[in-house]
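Here is start29.cif, consisting of mmCIF, N, CA, C and O atoms:
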data_protein
#
loop_
_atom_site.label_atom_id
_atom_site.label_comp_id
_atom_site.auth_asym_id
_atom_site.auth_seq_id
_atom_site.Cartn_x
_atom_site.Cartn_y
_atom_site.Cartn_z
N MET A 1 76.66 98.95 100.88
CA MET A 1 76.46 99.81 99.72
C MET A 1 77.26 101.10 99.87
O MET A 1 77.84 101.59 98.91
N LEU A 2 77.25 101.64 101.07
CA LEU A 2 77.98 102.89 101.32
C LEU A 2 79.48 102.66 101.18
O LEU A 2 80.20 103.52 100.65
N LEU A 3 79.94 101.51 101.63
CA LEU A 3 81.36 101.19 101.51
C LEU A 3 81.76 101.08 100.03
O LEU A 3 82.83 101.55 99.63
N ARG A 4 80.90 100.49 99.23
CA ARG A 4 81.18 100.36 97.80
C ARG A 4 81.25 101.74 97.13
O ARG A 4 82.11 101.99 96.29
N LEU A 5 80.35 102.62 97.50
CA LEU A 5 80.35 103.98 96.95
C LEU A 5 81.63 104.71 97.33
O LEU A 5 82.23 105.41 96.50
N ALA A 6 82.06 104.55 98.57
CA ALA A 6 83.31 105.19 99.01
C ALA A 6 84.50 104.63 98.23
O ALA A 6 85.39 105.39 97.82
N TYR A 7 84.51 103.32 98.03
CA TYR A 7 85.60 102.70 97.27
C TYR A 7 85.64 103.25 95.85
O TYR A 7 86.71 103.58 95.33
N LEU A 8 84.48 103.34 95.20
CA LEU A 8 84.44 103.86 93.83
C LEU A 8 84.91 105.31 93.78
O LEU A 8 85.59 105.72 92.83
N GLY A 9 84.53 106.09 94.78
CA GLY A 9 84.97 107.49 94.83
C GLY A 9 86.48 107.60 94.95
O GLY A 9 87.13 108.40 94.26
N VAL A 10 87.07 106.81 95.82
CA VAL A 10 88.53 106.84 96.01
C VAL A 10 89.23 106.33 94.75
O VAL A 10 90.23 106.90 94.31
N ALA A 11 88.70 105.27 94.14
CA ALA A 11 89.31 104.73 92.92
C ALA A 11 89.27 105.75 91.79
O ALA A 11 90.25 105.92 91.05
N ASN A 12 88.15 106.45 91.65
CA ASN A 12 88.05 107.48 90.60
C ASN A 12 88.98 108.66 90.89
O ASN A 12 89.54 109.25 89.96
N ALA A 13 89.14 109.01 92.16
CA ALA A 13 90.04 110.10 92.51
C ALA A 13 91.48 109.75 92.12
O ALA A 13 92.21 110.57 91.56
N PHE A 14 91.90 108.51 92.41
CA PHE A 14 93.25 108.10 92.03
C PHE A 14 93.39 108.03 90.51
O PHE A 14 94.45 108.34 89.96
N ALA A 15 92.35 107.64 89.81
CA ALA A 15 92.41 107.60 88.35
C ALA A 15 92.59 109.01 87.78
O ALA A 15 93.33 109.21 86.83
N MET A 16 91.90 109.98 88.37
CA MET A 16 92.05 111.36 87.90
C MET A 16 93.44 111.90 88.23
O MET A 16 94.04 112.64 87.45
N LEU A 17 93.98 111.53 89.40
CA LEU A 17 95.34 111.96 89.74
C LEU A 17 96.37 111.38 88.79
O LEU A 17 97.38 112.02 88.48
N ARG A 18 96.11 110.18 88.30
CA ARG A 18 97.02 109.55 87.37
C ARG A 18 97.03 110.30 86.03
O ARG A 18 98.03 110.33 85.32
N LEU A 19 95.91 110.93 85.68
CA LEU A 19 95.82 111.64 84.40
C LEU A 19 96.47 113.03 84.43
O LEU A 19 96.75 113.60 83.38
N LEU A 20 96.69 113.58 85.62
CA LEU A 20 97.24 114.94 85.71
C LEU A 20 98.60 115.11 85.01
O LEU A 20 98.77 116.05 84.24
N PRO A 21 99.59 114.23 85.26
CA PRO A 21 100.89 114.46 84.61
C PRO A 21 100.94 114.07 83.14
O PRO A 21 101.94 114.31 82.48
N MET A 22 99.87 113.51 82.60
CA MET A 22 99.88 113.07 81.20
C MET A 22 99.70 114.26 80.27
O MET A 22 98.98 115.21 80.58
N GLY A 23 100.33 114.17 79.13
CA GLY A 23 100.15 115.20 78.11
C GLY A 23 98.87 114.97 77.33
O GLY A 23 98.18 113.95 77.48
N ASP A 24 98.53 115.93 76.48
CA ASP A 24 97.30 115.82 75.69
C ASP A 24 97.33 114.63 74.75
O ASP A 24 96.32 113.95 74.56
N ARG A 25 98.49 114.37 74.16
CA ARG A 25 98.60 113.25 73.23
C ARG A 25 98.37 111.93 73.96
O ARG A 25 97.67 111.05 73.46
N ASP A 26 98.93 111.78 75.15
CA ASP A 26 98.75 110.55 75.92
C ASP A 26 97.28 110.36 76.32
O ASP A 26 96.75 109.25 76.29
N LYS A 27 96.63 111.46 76.69
CA LYS A 27 95.22 111.37 77.06
C LYS A 27 94.36 110.98 75.86
O LYS A 27 93.43 110.18 75.99
N THR A 28 94.71 111.52 74.69
CA THR A 28 93.96 111.18 73.48
C THR A 28 94.12 109.70 73.15
O THR A 28 93.15 109.03 72.80
N VAL A 29 95.33 109.20 73.28
CA VAL A 29 95.57 107.78 73.00
C VAL A 29 94.81 106.91 73.98
O VAL A 29 94.20 105.90 73.60
N ALA A 30 94.80 107.29 75.25
CA ALA A 30 94.06 106.52 76.26
C ALA A 30 92.56 106.53 75.95
O ALA A 30 91.89 105.49 76.07
N ARG A 31 92.04 107.68 75.55
CA ARG A 31 90.61 107.76 75.22
C ARG A 31 90.28 106.89 74.01
O ARG A 31 89.26 106.20 73.99
N LEU A 32 91.13 106.93 72.98
CA LEU A 32 90.89 106.12 71.80
C LEU A 32 90.94 104.63 72.13
O LEU A 32 90.13 103.84 71.62
N ALA A 33 91.86 104.23 72.99
CA ALA A 33 91.95 102.82 73.38
C ALA A 33 90.69 102.40 74.14
O ALA A 33 90.15 101.32 73.91
N LEU A 34 90.21 103.25 75.04
CA LEU A 34 89.00 102.93 75.79
C LEU A 34 87.78 102.87 74.88
O LEU A 34 86.92 102.00 75.02
N ARG A 35 87.69 103.81 73.93
CA ARG A 35 86.57 103.78 72.98
C ARG A 35 86.58 102.49 72.17
O ARG A 35 85.53 101.88 71.92
N HIS A 36 87.77 102.07 71.75
CA HIS A 36 87.87 100.84 70.97
C HIS A 36 87.43 99.64 71.81
O HIS A 36 86.70 98.77 71.32
N GLN A 37 87.86 99.59 73.06
CA GLN A 37 87.46 98.48 73.93
C GLN A 37 85.95 98.44 74.11
O GLN A 37 85.33 97.38 74.06
N ILE A 38 85.34 99.59 74.29
CA ILE A 38 83.89 99.66 74.47
C ILE A 38 83.19 99.22 73.19
O ILE A 38 82.20 98.47 73.23
N MET A 39 83.68 99.67 72.03
CA MET A 39 83.06 99.28 70.76
C MET A 39 83.14 97.77 70.54
O MET A 39 82.19 97.15 70.08
N VAL A 40 84.29 97.18 70.90
CA VAL A 40 84.44 95.73 70.73
C VAL A 40 83.49 94.99 71.65
O VAL A 40 82.86 94.01 71.26
N LEU A 41 83.36 95.46 72.89
CA LEU A 41 82.48 94.78 73.84
C LEU A 41 81.00 94.95 73.50
O LEU A 41 80.20 94.07 73.77
N GLU A 42 80.63 96.08 72.90
CA GLU A 42 79.23 96.32 72.57
C GLU A 42 78.84 95.76 71.21
O GLU A 42 77.67 95.75 70.86
N ARG A 43 79.80 95.28 70.45
CA ARG A 43 79.53 94.75 69.12
C ARG A 43 78.62 93.52 69.22
O ARG A 43 78.88 92.62 70.00
N PRO A 44 77.55 93.49 68.43
CA PRO A 44 76.67 92.32 68.48
C PRO A 44 77.35 91.11 67.86
O PRO A 44 78.03 91.21 66.84
N LEU A 45 77.17 89.98 68.51
CA LEU A 45 77.75 88.74 68.00
C LEU A 45 76.72 88.00 67.18
O LEU A 45 75.55 87.99 67.52
N PRO A 46 77.14 87.34 66.12
CA PRO A 46 76.20 86.50 65.37
C PRO A 46 75.70 85.37 66.26
O PRO A 46 76.38 84.93 67.18
N ALA A 47 74.50 84.89 65.97
CA ALA A 47 73.90 83.84 66.79
C ALA A 47 74.75 82.58 66.78
O ALA A 47 74.85 81.88 67.79
N ALA A 48 75.38 82.27 65.64
CA ALA A 48 76.21 81.07 65.56
C ALA A 48 77.39 81.16 66.52
O ALA A 48 77.76 80.19 67.17
N THR A 49 77.98 82.36 66.64
CA THR A 49 79.11 82.53 67.54
C THR A 49 78.66 82.35 68.99
O THR A 49 79.37 81.74 69.79
N VAL A 50 77.49 82.89 69.31
CA VAL A 50 76.98 82.75 70.67
C VAL A 50 76.74 81.27 70.98
O VAL A 50 77.12 80.78 72.05
N ARG A 51 76.15 80.53 70.05
CA ARG A 51 75.91 79.10 70.26
C ARG A 51 77.22 78.35 70.41
O ARG A 51 77.36 77.48 71.27
N ARG A 52 78.22 78.68 69.58
CA ARG A 52 79.51 78.01 69.69
C ARG A 52 80.14 78.26 71.05
O ARG A 52 80.70 77.34 71.66
N ARG A 53 80.06 79.49 71.51
CA ARG A 53 80.63 79.80 72.82
C ARG A 53 79.90 79.06 73.93
O ARG A 53 80.52 78.61 74.89
N GLN A 54 78.59 78.93 73.82
CA GLN A 54 77.83 78.20 74.83
C GLN A 54 78.22 76.73 74.83
O GLN A 54 78.42 76.13 75.89
N VAL A 55 78.36 76.15 73.65
CA VAL A 55 78.73 74.74 73.56
C VAL A 55 80.14 74.53 74.10
O VAL A 55 80.38 73.62 74.89
N LEU A 56 81.07 75.36 73.67
CA LEU A 56 82.44 75.22 74.15
C LEU A 56 82.54 75.45 75.64
O LEU A 56 83.28 74.75 76.34
N GLY A 57 81.78 76.42 76.15
CA GLY A 57 81.78 76.65 77.60
C GLY A 57 81.24 75.45 78.35
O GLY A 57 81.77 75.06 79.39
N GLY A 58 80.19 74.83 77.83
CA GLY A 58 79.65 73.64 78.46
C GLY A 58 80.63 72.48 78.42
O GLY A 58 80.78 71.74 79.40
N LEU A 59 81.32 72.32 77.28
CA LEU A 59 82.30 71.24 77.18
C LEU A 59 83.47 71.46 78.12
O LEU A 59 83.95 70.53 78.77
N LEU A 60 83.95 72.70 78.21
CA LEU A 60 85.05 72.98 79.12
C LEU A 60 84.64 72.76 80.56
O LEU A 60 85.42 72.26 81.38
N ASN A 61 83.41 73.13 80.89
CA ASN A 61 82.92 72.93 82.25
C ASN A 61 82.88 71.44 82.56
O ASN A 61 83.30 71.01 83.64
N GLU A 62 82.41 70.63 81.61
CA GLU A 62 82.37 69.19 81.82
C GLU A 62 83.78 68.62 81.92
O GLU A 62 84.06 67.75 82.72
N TYR A 63 84.69 69.12 81.11
CA TYR A 63 86.06 68.62 81.11
C TYR A 63 86.74 68.89 82.45
O TYR A 63 87.46 68.04 82.96
N HIS A 64 86.53 70.08 83.00
CA HIS A 64 87.19 70.42 84.26
C HIS A 64 86.57 69.72 85.46
O HIS A 64 87.21 69.61 86.49
N THR A 65 85.34 69.24 85.35
CA THR A 65 84.72 68.56 86.48
C THR A 65 84.92 67.05 86.43
O THR A 65 84.61 66.37 87.40
N MET A 66 85.43 66.52 85.30
CA MET A 66 85.64 65.08 85.19
C MET A 66 86.92 64.69 85.93
O MET A 66 87.89 65.44 85.95
N PRO A 67 86.93 63.51 86.56
CA PRO A 67 88.18 63.05 87.19
C PRO A 67 89.19 62.70 86.11
O PRO A 67 88.83 62.34 84.99
N PRO A 68 90.47 62.84 86.40
CA PRO A 68 91.47 62.53 85.38
C PRO A 68 91.46 61.05 85.04
O PRO A 68 91.24 60.20 85.90
N ARG A 69 91.68 60.77 83.77
CA ARG A 69 91.70 59.39 83.32
C ARG A 69 93.11 58.83 83.45
O ARG A 69 94.09 59.49 83.14
N LEU A 70 93.18 57.60 83.89
CA LEU A 70 94.45 56.92 83.96
C LEU A 70 94.64 56.15 82.66
O LEU A 70 93.68 55.64 82.08
N PRO A 71 95.87 56.04 82.19
CA PRO A 71 96.08 55.29 80.95
C PRO A 71 95.72 53.81 81.16
O PRO A 71 96.01 53.23 82.20
N ARG A 72 95.07 53.26 80.18
CA ARG A 72 94.67 51.86 80.27
C ARG A 72 95.72 50.97 79.60
O ARG A 72 96.16 51.26 78.50
N HIS A 73 96.09 49.94 80.31
CA HIS A 73 97.01 48.96 79.76
C HIS A 73 96.27 47.65 79.58
O HIS A 73 95.48 47.27 80.44
N PRO A 74 96.51 46.96 78.49
CA PRO A 74 95.81 45.68 78.32
C PRO A 74 96.24 44.71 79.42
O PRO A 74 97.42 44.57 79.71
N GLN A 75 95.28 44.12 80.02
CA GLN A 75 95.57 43.17 81.08
C GLN A 75 95.78 41.78 80.47
O GLN A 75 95.09 41.39 79.53
N GLU A 76 96.73 41.09 81.03
CA GLU A 76 96.99 39.75 80.54
C GLU A 76 95.97 38.79 81.17
O GLU A 76 95.69 38.86 82.36
N THR A 77 95.44 37.97 80.36
CA THR A 77 94.53 36.94 80.85
C THR A 77 95.30 35.65 81.01
O THR A 77 96.35 35.46 80.36
N PRO A 78 94.84 34.75 81.85
CA PRO A 78 95.58 33.50 82.03
C PRO A 78 95.71 32.72 80.73
O PRO A 78 96.71 32.04 80.50
N SER A 79 94.76 32.83 79.83
CA SER A 79 94.85 32.06 78.58
C SER A 79 95.90 32.67 77.63
O SER A 79 96.52 31.95 76.83
N SER A 80 96.15 33.97 77.71
CA SER A 80 97.12 34.59 76.81
C SER A 80 98.54 34.51 77.36
O SER A 80 99.49 34.79 76.66
N ALA A 81 98.69 34.17 78.65
CA ALA A 81 100.01 34.11 79.25
C ALA A 81 100.75 32.83 78.83
O ALA A 81 101.95 32.74 78.95
N ALA A 82 100.05 31.85 78.35
CA ALA A 82 100.68 30.57 78.04
C ALA A 82 101.45 30.57 76.75
O ALA A 82 101.82 31.27 76.03
#

Please lay out the structure from this file as structure tokens.
Amino acid sequence: MLLRLAYLGVANAFAMLRLLPMGDRDKTVARLALRHQIMVLERPLPAATVRRRQVLGGLLNEYHTMPPRLPRHPQETPSSAA
């Protein structure tokens, strides 16, 4: 836990150092972009969208865990070879 706190402190210090050479206009643009990202992430989703995402996520999970299918070729039977 202490290591994580130290990491966050160092990361925030570097983030603040990155903002020092920026002008006011650049800082304003960065703030607006962050606000927009937060608003998009906090936006409530309709229940139908949540259900669709759950279904699609389940299907993708099943798809990635299935073994690959080999193409099937019709097999010749002895009666059809004649």

Report, in Å to a single decimal, how far apart atom N of Leu2 in chain A and atom N of Glu42 in chain A are. 28.9 Å

A straight line from CA of Leu41 in chain A to CA of Asp26 in chain A spans 22.8 Å

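Counting from CA of Ala47 in chain A, the distance to atom C of Ala33 in chain A is 26.1 Å.
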